Structures are given as C-alpha cells and as structure tokens.
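Printed here is entry.txt (compact mmCIF, C-alpha atoms and all ligand atoms):
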```
# COMPACT_ATOMS: atom_id res chain seq x y z
CA MET A 1 93.91 137.71 46.76
CA LEU A 2 95.74 140.41 44.91
CA PRO A 3 97.26 139.33 41.61
CA PRO A 4 100.33 137.26 42.45
CA THR A 5 103.56 137.85 40.61
CA GLN A 6 104.29 135.57 37.72
CA ARG A 7 106.71 133.50 39.76
CA LYS A 8 104.14 132.98 42.53
CA GLN A 9 101.46 132.25 39.98
CA GLN A 10 103.64 129.55 38.44
CA TRP A 11 104.20 127.99 41.83
CA LEU A 12 100.46 128.00 42.58
CA ASP A 13 99.64 126.48 39.20
CA ALA A 14 102.24 123.75 39.66
CA ILE A 15 101.01 122.84 43.14
CA ALA A 16 97.38 122.85 41.95
CA GLY A 17 98.34 120.43 39.18
CA GLN A 18 100.15 118.11 41.57
CA PHE A 19 97.31 118.36 44.05
CA ALA A 20 94.77 117.29 41.42
CA GLN A 21 97.01 114.43 40.33
CA ALA A 22 97.44 113.23 43.89
CA VAL A 23 93.70 113.34 44.64
CA SER A 24 92.97 111.67 41.33
CA PHE A 25 95.45 108.93 42.16
CA GLY A 26 93.92 108.62 45.62
CA LEU A 27 90.40 108.25 44.28
CA ALA A 28 91.52 105.58 41.84
CA GLN A 29 93.21 103.74 44.70
CA ALA A 30 90.15 104.06 46.89
CA GLN A 31 88.00 102.59 44.16
CA THR A 32 90.39 99.78 43.29
CA LEU A 33 91.16 98.81 46.86
CA GLY A 34 87.69 99.56 48.13
CA VAL A 35 88.97 101.52 51.11
CA ALA A 36 87.64 104.62 52.78
CA SER A 37 89.56 104.85 56.03
CA ARG A 38 91.80 107.84 56.33
CA ALA A 39 94.67 105.72 57.61
CA ARG A 40 94.60 103.34 54.67
CA LEU A 41 94.16 106.11 52.16
CA HIS A 42 97.05 107.91 53.77
CA THR A 43 99.26 104.87 53.28
CA ALA A 44 98.18 104.61 49.67
CA VAL A 45 98.15 108.26 48.66
CA TYR A 46 100.67 110.16 50.76
CA PRO A 47 103.87 108.67 49.28
CA GLU A 48 102.57 109.21 45.75
CA ALA A 49 101.63 112.80 46.55
CA ARG A 50 105.14 113.40 47.87
CA ARG A 51 106.64 111.71 44.83
CA LEU A 52 104.65 114.06 42.60
CA GLY A 53 106.39 116.91 44.35
CA LEU A 54 103.82 118.08 46.89
CA PRO A 55 105.25 119.40 50.14
CA ALA A 56 104.22 117.38 53.22
CA ASP A 57 101.44 119.71 54.36
CA TYR A 58 99.88 119.69 50.91
CA ALA A 59 100.20 115.94 50.54
CA ARG A 60 98.31 115.56 53.80
CA MET A 61 95.55 117.81 52.42
CA ALA A 62 95.38 115.69 49.26
CA VAL A 63 94.78 112.66 51.48
CA ASN A 64 92.07 114.58 53.35
CA GLU A 65 90.42 115.68 50.15
CA THR A 66 90.45 112.11 48.83
CA THR A 67 88.99 110.81 52.07
CA SER A 68 86.18 113.32 52.25
CA SER A 69 85.25 112.77 48.58
CA VAL A 70 85.10 109.02 49.07
CA ARG A 71 83.08 109.41 52.27
CA SER A 72 80.61 111.77 50.65
CA PHE A 73 80.12 109.23 47.93
CA LEU A 74 79.70 106.30 50.33
CA ALA A 75 77.29 108.23 52.53
CA LEU A 76 75.15 109.06 49.53
CA ARG A 77 75.16 105.50 48.32
CA ARG A 78 74.36 104.14 51.77
CA SER A 79 71.31 106.32 51.93
CA GLY A 80 70.20 104.81 48.65
CA ARG A 81 70.74 107.85 46.49
CA LYS A 82 72.28 107.97 43.10
CA ALA A 83 75.91 108.92 43.04
CA SER A 84 78.81 108.09 40.82
CA PHE A 85 82.30 107.57 42.13
CA PRO A 86 84.00 110.95 42.47
CA THR A 87 86.67 112.02 40.02
CA VAL A 88 88.87 115.05 39.74
CA ARG A 89 87.84 117.20 36.85
CA ARG A 90 89.64 120.42 37.53
CA THR A 91 93.11 121.39 38.56
CA ASN A 92 92.00 124.58 40.18
CA ARG A 93 92.47 124.10 43.86
CA ILE A 94 94.99 123.58 46.55
CA GLY A 95 94.26 122.29 50.02
CA LEU A 96 96.03 124.57 52.44
CA GLY A 97 96.65 122.73 55.67
CA VAL A 98 96.39 124.55 58.97
CA ASN A 99 100.16 124.29 59.41
CA ALA A 100 100.94 125.47 55.91
CA TYR A 101 99.78 129.02 56.26
CA ALA A 102 99.58 132.04 58.46
CA ILE A 103 97.76 135.29 58.04
CA VAL A 104 99.90 138.26 58.81
CA GLU A 105 98.41 141.66 59.36
CA SER A 106 100.27 144.85 59.18
CA GLY A 107 98.79 148.28 59.00
CA GLY A 108 95.34 146.97 58.17
CA ARG A 109 96.57 144.90 55.24
CA PHE A 110 96.52 141.13 55.26
CA VAL A 111 99.14 138.93 53.73
CA LEU A 112 98.84 135.18 53.43
CA ARG A 113 102.07 133.42 54.25
CA VAL A 114 102.19 130.04 52.59
CA SER A 115 104.83 127.42 53.26
CA THR A 116 106.62 126.08 50.21
CA GLY A 117 107.88 122.89 51.78
CA VAL A 118 111.35 124.33 52.07
CA ARG A 119 112.15 125.30 55.64
CA GLY A 120 112.17 129.03 56.09
CA GLN A 121 110.98 129.74 52.58
CA TYR A 122 107.54 131.18 52.21
CA LEU A 123 105.32 132.55 49.54
CA TRP A 124 103.80 135.86 50.53
CA LEU A 125 100.41 136.43 48.96
CA PRO A 126 98.80 139.81 49.66
CA LEU A 127 95.06 139.51 50.28
CA SER A 128 92.37 141.95 49.47
CA VAL A 129 89.95 141.81 52.38
CA PRO A 130 86.83 143.98 52.38
CA ALA A 131 86.45 146.04 55.51
CA ARG A 132 83.42 144.17 56.79
CA TYR A 133 85.41 140.95 56.99
CA THR A 134 88.55 142.23 58.62
CA GLN A 135 87.20 141.33 62.04
CA ALA A 136 86.51 137.77 60.93
CA MET A 137 90.13 137.41 59.88
CA GLY A 138 91.00 137.21 63.54
CA HIS A 139 88.93 134.04 63.89
CA VAL A 140 90.36 132.03 61.04
CA ARG A 141 91.17 128.49 62.15
CA GLY A 142 91.82 125.21 60.46
CA ASP A 143 92.47 123.91 57.00
CA ALA A 144 91.97 126.45 54.26
CA ARG A 145 91.99 126.22 50.52
CA LEU A 146 93.19 128.16 47.53
CA ILE A 147 91.01 128.23 44.46
CA ARG A 148 91.77 129.43 40.99
CA ARG A 149 88.88 130.96 39.13
CA SER A 150 88.91 132.42 35.68
CA ASP A 151 89.63 135.81 37.17
CA GLY A 152 92.38 134.88 39.55
CA TRP A 153 93.24 133.11 42.78
CA TYR A 154 91.07 133.13 45.87
CA ALA A 155 91.79 132.03 49.39
CA VAL A 156 89.01 130.36 51.35
CA PHE A 157 89.30 130.29 55.13
CA PRO A 158 87.15 128.61 57.72
CA VAL A 159 86.17 131.07 60.40
CA HIS A 160 85.66 129.64 63.81
CA SER A 161 82.55 130.69 65.62
CA ALA A 162 80.35 128.63 67.85
CA THR A 163 77.40 130.97 68.03
CA ALA A 164 74.84 132.32 65.68
CA PRO A 165 76.05 135.20 63.58
CA THR A 166 75.19 138.12 65.72
CA ALA A 167 76.77 141.41 65.40
CA CYS A 168 77.57 143.98 67.97
CA GLY A 169 78.32 147.63 67.86
CA GLY A 170 75.52 148.92 65.69
CA HIS A 171 75.21 145.82 63.55
CA PRO A 172 71.97 143.89 63.26
CA THR A 173 71.22 140.77 65.27
CA VAL A 174 70.07 138.17 62.81
CA ILE A 175 67.89 135.35 64.06
CA GLY A 176 67.55 132.55 61.55
CA VAL A 177 64.32 130.57 61.68
CA ASP A 178 63.81 127.19 60.08
CA LEU A 179 60.23 126.04 59.61
CA GLY A 180 59.52 122.34 59.42
CA ILE A 181 57.22 119.52 60.24
CA VAL A 182 58.89 117.65 63.05
CA ARG A 183 59.79 120.97 64.58
CA LEU A 184 57.39 123.68 63.56
CA ALA A 185 59.99 126.36 64.06
CA THR A 186 63.62 126.33 65.10
CA ALA A 187 65.28 129.66 65.80
CA ALA A 188 69.01 130.25 66.12
CA THR A 189 69.24 133.10 68.60
CA PRO A 190 72.33 134.64 70.18
CA ASN A 191 71.33 132.87 73.39
CA GLY A 192 70.97 129.46 71.84
CA VAL A 193 68.52 127.47 69.80
CA ARG A 194 64.81 127.74 70.51
CA VAL A 195 62.53 124.99 69.24
CA TRP A 196 58.76 124.90 68.81
CA PRO A 197 57.95 121.21 68.42
CA GLY A 198 55.47 120.15 65.81
CA LYS A 199 54.19 117.25 67.86
CA ALA A 200 51.16 119.12 69.19
CA VAL A 201 50.23 120.12 65.68
CA ARG A 202 50.45 116.61 64.39
CA ALA A 203 48.45 115.28 67.32
CA GLY A 204 45.85 117.99 66.90
CA ARG A 205 45.51 117.42 63.21
CA GLU A 206 45.12 113.72 63.70
CA HIS A 207 42.48 114.31 66.31
CA PHE A 208 40.54 116.51 63.88
CA ALA A 209 41.02 113.99 61.08
CA ASP A 210 39.61 111.28 63.35
CA LEU A 211 36.56 113.38 64.16
CA ARG A 212 36.08 114.14 60.48
CA ARG A 213 36.08 110.47 59.63
CA ARG A 214 33.63 109.68 62.41
CA TYR A 215 31.26 112.46 61.40
CA GLY A 216 31.65 111.39 57.80
CA ARG A 217 30.50 107.92 58.64
CA HIS A 218 27.40 109.36 60.27
CA HIS A 219 26.85 111.88 57.48
CA ARG A 220 27.07 114.81 59.85
CA VAL A 221 27.94 117.41 57.24
CA ASP A 222 27.02 120.24 59.58
CA ARG A 223 29.43 118.96 62.20
CA ILE A 224 32.21 118.59 59.66
CA ARG A 225 31.73 122.14 58.50
CA ALA A 226 31.73 123.48 62.03
CA MET A 227 34.82 121.49 62.83
CA ARG A 228 36.72 122.80 59.87
CA GLY A 229 36.40 126.30 61.26
CA LYS A 230 37.39 125.09 64.68
CA GLU A 231 40.49 123.42 63.33
CA SER A 232 41.77 126.43 61.43
CA ARG A 233 41.11 128.66 64.44
CA TRP A 234 43.08 126.26 66.59
CA MET A 235 45.95 126.28 64.11
CA ALA A 236 45.85 130.06 63.81
CA ASP A 237 45.98 130.34 67.60
CA LEU A 238 49.06 128.19 67.67
CA ASN A 239 50.68 130.33 64.99
CA HIS A 240 49.77 133.43 66.96
CA LYS A 241 51.58 132.04 69.94
CA ILE A 242 54.69 131.01 68.05
CA SER A 243 55.00 134.24 66.11
CA ALA A 244 54.45 136.32 69.25
CA GLU A 245 57.15 134.41 71.12
CA LEU A 246 59.55 134.66 68.23
CA VAL A 247 59.11 138.39 67.76
CA GLU A 248 59.35 138.85 71.52
CA ILE A 249 62.69 137.03 71.57
CA ALA A 250 63.96 139.03 68.61
CA SER A 251 62.92 142.36 70.07
CA HIS A 252 65.24 141.90 73.05
CA HIS A 253 68.26 142.20 70.79
CA PRO A 254 69.75 145.31 69.21
CA ASP A 255 68.57 146.01 65.66
CA PRO A 256 66.86 142.64 65.32
CA VAL A 257 66.30 140.89 62.02
CA ILE A 258 64.29 137.69 61.64
CA ALA A 259 65.46 135.61 58.70
CA LEU A 260 63.16 133.10 57.06
CA GLU A 261 63.33 130.93 54.01
CA ARG A 262 61.24 131.96 51.09
CA LEU A 263 58.15 129.83 51.23
CA ASP A 264 58.67 128.08 47.93
CA GLY A 265 61.48 126.31 49.73
CA ILE A 266 59.24 124.94 52.43
CA ARG A 267 56.79 123.57 49.96
CA TYR A 268 59.70 122.07 48.14
CA ARG A 269 60.85 120.34 51.26
CA LEU A 270 57.42 119.09 52.17
CA HIS A 271 57.87 115.92 50.26
CA GLY A 272 56.74 113.60 52.97
CA SER A 273 53.81 111.25 52.56
CA ARG A 274 50.48 112.73 51.62
CA ARG A 275 49.20 112.07 55.08
CA PHE A 276 52.18 113.89 56.53
CA ASN A 277 51.69 116.84 54.24
CA ARG A 278 48.03 117.07 55.09
CA MET A 279 48.87 117.21 58.75
CA VAL A 280 50.96 120.29 58.31
CA SER A 281 49.85 121.94 55.16
CA SER A 282 51.66 124.75 53.46
CA TRP A 283 48.80 126.89 54.71
CA THR A 284 50.18 126.45 58.20
CA PHE A 285 53.52 127.90 57.17
CA ARG A 286 52.08 130.70 55.14
CA ASP A 287 49.86 131.71 58.02
CA LEU A 288 52.78 131.49 60.43
CA VAL A 289 55.01 133.61 58.19
CA ASP A 290 52.24 136.19 57.73
CA LYS A 291 51.81 136.46 61.46
CA ILE A 292 55.55 136.75 62.06
CA GLN A 293 55.76 139.52 59.48
CA TYR A 294 52.80 141.37 60.90
CA LYS A 295 53.97 141.19 64.50
CA ALA A 296 57.57 141.95 63.58
CA GLU A 297 56.55 145.06 61.71
CA ARG A 298 54.59 146.25 64.70
CA ALA A 299 57.56 145.63 66.99
CA GLY A 300 60.09 147.26 64.68
CA VAL A 301 61.79 143.98 63.83
CA ARG A 302 62.94 143.54 60.26
CA VAL A 303 62.09 140.34 58.39
CA LEU A 304 64.29 139.04 55.61
CA PHE A 305 63.64 136.18 53.24
CA VAL A 306 66.49 134.12 51.90
CA ASP A 307 66.96 131.62 49.16
CA PRO A 308 66.17 128.20 50.61
CA ARG A 309 68.61 126.28 48.45
CA ARG A 310 71.42 124.60 50.33
CA THR A 311 70.34 125.80 53.74
CA SER A 312 69.76 122.25 54.86
CA ARG A 313 72.93 120.68 53.57
CA THR A 314 75.65 123.24 54.12
CA CYS A 315 77.99 122.81 57.06
CA PRO A 316 77.80 125.89 59.29
CA LYS A 317 81.34 125.30 60.45
CA CYS A 318 83.35 124.62 57.33
CA GLY A 319 80.91 125.43 54.54
CA HIS A 320 81.05 122.00 52.92
CA ALA A 321 77.74 121.51 51.11
CA THR A 322 76.56 118.07 50.13
CA ARG A 323 73.47 115.96 50.50
CA ALA A 324 75.67 113.47 52.30
CA ASN A 325 75.81 115.84 55.26
CA ARG A 326 72.29 114.71 56.13
CA PRO A 327 72.43 111.05 57.09
CA THR A 328 68.87 111.25 58.40
CA GLN A 329 66.08 113.80 58.36
CA ALA A 330 66.88 114.93 61.88
CA ASP A 331 70.66 114.84 61.94
CA PHE A 332 73.35 116.91 60.37
CA ARG A 333 76.82 115.48 60.17
CA CYS A 334 79.45 117.16 58.03
CA VAL A 335 81.37 114.61 56.02
CA ALA A 336 84.25 117.03 55.63
CA CYS A 337 84.91 118.35 59.12
CA GLY A 338 82.81 116.10 61.32
CA TYR A 339 80.62 118.90 62.66
CA ARG A 340 77.41 117.46 64.07
CA GLY A 341 74.18 119.08 64.95
CA MET A 342 70.43 118.98 64.86
CA ALA A 343 69.48 119.41 61.22
CA ASP A 344 66.87 122.09 61.92
CA ALA A 345 69.26 124.13 64.03
CA VAL A 346 71.89 123.89 61.30
CA ALA A 347 69.36 125.11 58.76
CA ALA A 348 68.44 128.00 61.04
CA LEU A 349 72.11 128.97 61.31
CA ASN A 350 72.51 128.80 57.55
CA ILE A 351 69.40 130.90 57.03
CA ALA A 352 70.81 133.50 59.40
CA ALA A 353 74.12 133.43 57.53
CA ALA A 354 72.39 133.91 54.20
CA ALA A 355 70.54 136.88 55.66
CA VAL A 356 73.77 138.36 57.01
CA ASP A 357 75.08 138.02 53.50
CA LEU A 358 72.09 139.83 52.07
CA LEU A 359 72.43 142.61 54.59
CA GLN A 360 76.08 143.05 53.81
CA GLN A 361 75.84 142.95 50.08
CA GLY A 362 72.56 144.57 49.53
CA PRO A 363 70.12 142.63 47.43
CA SER A 364 71.86 140.37 44.99
CA ASP A 365 69.93 138.37 42.49
CA THR A 366 72.88 136.49 41.15
CA ALA A 367 73.67 133.24 42.81
CA ARG A 368 77.15 131.91 42.53
CA PRO A 369 77.24 129.37 39.74
CA ASP A 370 77.13 125.98 41.31
CA GLU A 371 80.57 124.56 41.39
CA GLY A 372 79.45 121.13 42.32
CA GLN A 373 78.41 119.79 45.65
CA THR A 374 81.80 119.43 47.14
CA GLU A 375 82.67 123.04 46.89
CA SER A 376 81.12 125.64 49.00
CA PRO A 377 83.79 128.03 50.04
CA ALA A 378 83.62 128.40 53.77
CA LEU A 379 84.08 132.04 53.69
CA ARG A 380 82.55 132.82 56.96
CA PRO A 381 81.27 130.42 59.55
CA MET A 382 77.91 129.87 58.08
CA GLU A 383 77.69 130.92 54.59
CA PRO A 384 75.75 128.90 52.13
CA ARG A 385 76.65 130.69 48.98
CA ARG A 386 78.73 133.37 47.39
CA PRO A 387 77.68 135.94 44.85
CA ALA A 388 78.44 134.96 41.32
CA SER A 389 80.22 137.84 39.89
CA LEU A 390 83.04 139.29 41.81
CA ASP A 391 84.14 142.33 39.97
CA ALA A 392 87.65 143.36 40.66
CA ASP A 393 86.48 146.64 42.07
CA SER A 394 83.07 145.79 43.39
CA ASN A 395 84.24 145.02 46.89
CA LEU A 396 82.09 141.94 46.93
CA ALA A 397 84.89 139.63 47.80
CA SER A 398 85.17 138.14 51.23
CA PRO A 399 88.01 137.49 53.58
CA SER A 400 88.28 134.16 52.02
CA GLN A 401 88.17 135.54 48.58
CA GLY A 402 90.54 138.25 47.81
CA THR A 403 89.70 140.48 44.95
CA PRO A 404 90.40 138.62 41.79
CA ALA A 405 93.54 139.11 39.83
CA VAL A 406 93.22 141.20 36.73
ZN ZN B 501 81.98 120.90 57.99
```

If you took the structure in this file and wrote it as structure tokens, what would it be?
Amino acid sequence: MLPPTQRKQQWLDAIAGQFAQAVSFGLAQAQTLGVASRARLHTAVYPEARRLGLPADYARMAVNETTSSVRSFLALRRSGRKASFPTVRRTNRIGLGVNAYAIVESGGRFVLRVSTGVRGQYLWLPLSVPARYTQAMGHVRGDARLIRRSDGWYAVFPVHSATAPTACGGHPTVIGVDLGIVRLATAATPNGVRVWPGKAVRAGREHFADLRRRYGRHHRVDRIRAMRGKESRWMADLNHKISAELVEIASHHPDPVIALERLDGIRYRLHGSRRFNRMVSSWTFRDLVDKIQYKAERAGVRVLFVDPRRTSRTCPKCGHATRANRPTQADFRCVACGYRGMADAVAALNIAAAAVDLLQQGPSDTARPDEGQTESPALRPMEPRRPASLDADSNLASPSQGTPAV
C-alpha cells in the first residue's frame, strides 16, 4: 500500500501489537488447556483479545490465527514429524476479516477501507496495484491480512478462482504439469485436470524385474541384455504417448505454455523406497521432459521450468504453505482455509501459478526470503512465492502487496 499517514501508521502498529498479544495469549491457552477446537479457543481467546483493545472483527481473526497455528502443529505432530509448539515472534501482521474491509475503486485507483471498530469510522488506505493485477482485484474474497515489512505495510488478499490460471485476451494459457510416481503426470488445464496414471509403469517395471530375476537365475545374460533394451523402448514409447497428448492438449489453447518443475525437484521428491525409485527412475522423468520439450517446440508451445520448492505444500486457494497441508501423499488439505484436493492436481496448479509469475515478472532469480511456513501471502489464487526485493518503483508488487512505503 502507499505510505500511510503517521496517524494511520500508528493505528496499524497498535493493532498489530494487540493482534500479536492476543494470538500469543491464545497459543499459551491452547497449550495449557490442550485444546484445538475453534469453539473452545474462541471462548478462551476472544474476550482477552477484546480486552486488549482489538475490535471484534480483528479479535475473531486472532482466534482464527491461533486455531490454524495450533492445527498446523497438531497435524505435523500426528504425522510423526518434528514440530515445536508455535509461538508468536513478530508483531508485524494483522488479520483482516472479510467483514472488516472493502476495496473501493475509483478512477482506476484502489483504496482499502478498513473498519476501526467504531461504527461509521474507517481507515482509508490507498493501495498501489500494478496494472496486471487490477483485474484480479475484482475477485478478492475472504479474510485478508496486513503485513508490515521493513519497507512498509502490505495488504494480502485471497483471490477467488476455481480454475487453473488461464488468461484470455492475448495472454498465455499456462498448463501446469506435475510429474510423479503414483500419477506419472497430472496436468491442470483450463478444461480440468488430466491425469496419466503411473500404474501401468509400475506394473510394467515389475514385470521386467521379474523376468530379469528369472533369467538371472538361469544365467541367461543374453536375454537380460536384450530385455534391457526392450524395457527402455517400452518406457520411451509410453513417454512418447504422454508427451504427445500433453502437447496436443496445450496446442488447442491460445498462446499455450507448459509449465514443469525443474527436474532437481523431482529427484528430490523421489524419496520413496529403493524399490519404488527403481520402478520409476529419474531417467523416466528426464526422458519425458525431453520429449515434452521437443514436441512442444515443434508445435509452437512454450515450455517453462519453475522452482519446485513449495509447489506441493502451498494452498492454491489461500496461499497458506505448510507441510501440514499434506496429511497423506495423495491428499491435500489446507489447514488454514480447509481447501481440499488431490495433491498432484494442487501441485500442478501451483506450478502453473509459479509460471504465471515468471511470465509476468520476467526471470527473477531472487526468491522471497522464507518468512516461515505459516506465511505465504496469498496474493493471487495460486501463488507459491513472492519475489524478494520489492523496490518502491520496480512495479513488482502485487494486488496484495502495495508498493512499499518509503
Ligand atoms: Zn488454504
């Protein structure tokens, strides 16, 4: 947002302080009482938040924030992962409930109207919204958040969109593709999610492994050698088919772009058992990616590679990024907003979003410094990360992030 006046700044600082105190109190209560239900946390936290001076809408957000922190923690612990009980370390954010704000547009400029808790009294905060996000401002829904960074205040809005990020009117159509083991490829297309199951691959590989063992027992080295060639041809055929179908799907859309994770990410995620990894080796993926690139080039489809970090644990709806969003390998369930989906499809959406980001910003090699798992500003519907440095005049800010104050 544009630099607020000193009076507004003071108000924001005060509310941020009270918000942190309320959440901190709530977390302590949750730990002491051992509760995680929203209702019980509400009973425990809400009156204290109000006592601290938070207006009702903000107190409710403090309860929400407490609840989602506790749930993230419990989900992590349930799945047997290391996690320490959450604490509040910074007083730099304010939960902005859906009823506590409105975005007002006039003459192409956006102003955030924030309720102060006093009926009829509002704080008007002018936003600086880059042109490419002005359209998204019409789709803002739900609880938002204000964040203070070293260079000023930012507003973070969830943008409601149920479909893959496609663009119309001369903008590229980005199709995010997640590669995996259970599902060899999952593509988020404007017409829905397309899945290429990995079952056939696993079955085929096991069949070949069986043969290999049998020939091994009978010392048929010649047969083993012949079979090795047969197996890789079979795998290559399969990859031919998948890549052809994928490029075919993409080519039906205007200015198509296929977005893939950089391969180091796939290897990174291939931490199944050794047997599992052997079944679908990284060779499979590399070959598949090569074929997609080759066929895409021939068909005039662009291919973009994105950073694989966070694509599997970021919520495509609200942007909340935490390992706890993945209760199982196959499922995605956002601990913050409750969004549920097939994990591979969610990853595909996030990959597409990251690619949209790349396309909009031009190549950026600076990742936003990690602000901890619980904070991934939901700038646009599916946006895993933000660029690190937001210069006041670089126009890199998003609808959710006004240009920083100077
Ligand atoms: Zn969510």

Query raised in the report: When the cut-off is 9 Å and you count only C-alpha atoms and all ligand atoms, which residues lie near ligand ZN 501 (chain B), shown as a count of residues only?
Result: 18

Query raised in the report: Hey, can you check how far CA of Thr186 in chain A sits from CA of Ala209 in chain A?
Result: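 So the answer is 26.1 Å.
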
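You can rank A:Leu54, A:Ala187, A:Leu125, A:Leu238 by their closest distance to Gln6 in chain A using only C-alpha atoms, and at the top of that list sits A:Leu125.
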
Query raised in the report: Between A:Arg233, A:Ile242, A:Val174, A:Ile181, which has the minimum distance to Ile351 in chain A (counting all atoms listed in the file)?
Result: A:Val174

Requested in this report: List the neighbours of Gly300 in chain A out to 10 Å using all atoms listed in the file; skip same-chain residues closer than 4 positions along the sequence, and give me the result as a list in words.
Outcome: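 Selected residues are Val247, Ala250, Ser251, Asp255, Pro256, Val257, Lys295 and Ala296 of chain A.
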
Report task. Tell me, as a VMD selection string, which residues lie within 8 Å of range 329-331 of chain A, counting only C-alpha atoms; anything in the same chain fewer than 3 positions away does not count. Result -> chain A and resid 326 340 to 344

Next, dump the selected residues to file, keeping only C-alpha atoms, as a PDB file, keeping the file's coordinate frame.
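Printed below is selection08.pdb as written:
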```pdb
ATOM      1  CA  ARG A 326      72.290 114.710  56.130  1.00  0.00           C
ATOM      2  CA  ARG A 340      77.410 117.460  64.070  1.00  0.00           C
ATOM      3  CA  GLY A 341      74.180 119.080  64.950  1.00  0.00           C
ATOM      4  CA  MET A 342      70.430 118.980  64.860  1.00  0.00           C
ATOM      5  CA  ALA A 343      69.480 119.410  61.220  1.00  0.00           C
ATOM      6  CA  ASP A 344      66.870 122.090  61.920  1.00  0.00           C
TER       7      ASP A 344
END
```

If I wrap all listed atoms of range 90-104 of chain A in a box with edges along x, y and z and add 8 Å on each side, what are its centre and edge lengths in Å to one decimal, as JSON?
```
{"center_x": 95.3, "center_y": 129.3, "center_z": 48.5, "size_x": 27.3, "size_y": 33.8, "size_z": 37.9}
```

Report task. Would you mind telling me which residue in A:Ala324, A:Leu52, A:Ala355, A:Ile292 lies nearest to Val306 in chain A when using only C-alpha atoms? Result ->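 Among A:Ala324, A:Leu52, A:Ala355, A:Ile292, it is A:Ala355 that comes nearest to Val306 in chain A.
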
**Report entry** Residue with smallest distance to Pro47 in chain A - pool A:Arg89, A:Arg60, A:Arg309, A:Arg298, counting all atoms listed in the file
**Finding:**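 The closest residue to Pro47 in chain A is A:Arg60.
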
Query - Nearest residue to Arg323 in chain A from the set A:Gly80, A:Pro190, A:Gly108, A:Pro130 (distances using all atoms listed in the file) - result: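 With all atoms listed in the file as the atom set, the closest residue is A:Gly80.
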
Query raised in the report: Which protein, DNA or RNA residues are at most 12 Å from (54.9, 129.2, 72.7) in the file's coordinates when you count all atoms listed in the file, listed as a PyMOL selection string?
Result: chain A and resi 184-186+194-198+200+237-249

Query raised in the report: CA of Gly26 in chain A to CA of Ser69 in chain A: how many Å, to one decimal?
Result: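 The value is 10.1 Å.
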
Requested in this report: Find, counting all atoms listed in the file, the residue in A:Arg40, A:Arg113, A:Arg50, A:His171 that gets nearest to Ala155 in chain A.
Outcome: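 Counting all atoms listed in the file, the residue closest to Ala155 in chain A is A:Arg113.
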
Add whatever atoms are absent from range 22-38 of chain A to reach N, CA and C atoms, and provide the output as a compact mmCIF listing (two decimals), in the coordinates of the input.
```txt
# COMPACT_ATOMS: atom_id res chain seq x y z
N ALA A 22 97.38 114.05 42.68
CA ALA A 22 97.44 113.23 43.89
C ALA A 22 96.04 112.77 44.31
N VAL A 23 95.08 113.69 44.26
CA VAL A 23 93.70 113.34 44.64
C VAL A 23 93.14 112.33 43.65
N SER A 24 93.42 112.57 42.38
CA SER A 24 92.97 111.67 41.33
C SER A 24 93.52 110.26 41.56
N PHE A 25 94.80 110.21 41.86
CA PHE A 25 95.45 108.93 42.16
C PHE A 25 94.78 108.28 43.38
N GLY A 26 94.53 109.12 44.39
CA GLY A 26 93.92 108.62 45.62
C GLY A 26 92.54 108.04 45.38
N LEU A 27 91.76 108.72 44.56
CA LEU A 27 90.40 108.25 44.28
C LEU A 27 90.44 106.92 43.53
N ALA A 28 91.38 106.83 42.59
CA ALA A 28 91.52 105.58 41.84
C ALA A 28 91.89 104.44 42.79
N GLN A 29 92.81 104.74 43.71
CA GLN A 29 93.21 103.74 44.70
C GLN A 29 92.02 103.33 45.57
N ALA A 30 91.29 104.33 46.01
CA ALA A 30 90.15 104.06 46.89
C ALA A 30 89.16 103.14 46.20
N GLN A 31 88.96 103.40 44.91
CA GLN A 31 88.00 102.59 44.16
C GLN A 31 88.54 101.18 43.95
N THR A 32 89.80 101.09 43.56
CA THR A 32 90.39 99.78 43.29
C THR A 32 90.47 98.94 44.55
N LEU A 33 90.96 99.56 45.63
CA LEU A 33 91.16 98.81 46.86
C LEU A 33 89.90 98.73 47.71
N GLY A 34 88.93 99.56 47.36
CA GLY A 34 87.69 99.56 48.13
C GLY A 34 87.92 100.02 49.57
N VAL A 35 88.74 101.04 49.75
CA VAL A 35 88.97 101.52 51.11
C VAL A 35 88.46 102.94 51.28
N ALA A 36 88.12 103.27 52.50
CA ALA A 36 87.64 104.62 52.78
C ALA A 36 88.23 105.17 54.07
N SER A 37 89.01 104.35 54.76
CA SER A 37 89.56 104.85 56.03
C SER A 37 90.71 105.79 55.73
N ARG A 38 90.78 106.83 56.55
CA ARG A 38 91.80 107.84 56.33
C ARG A 38 93.21 107.23 56.42
```
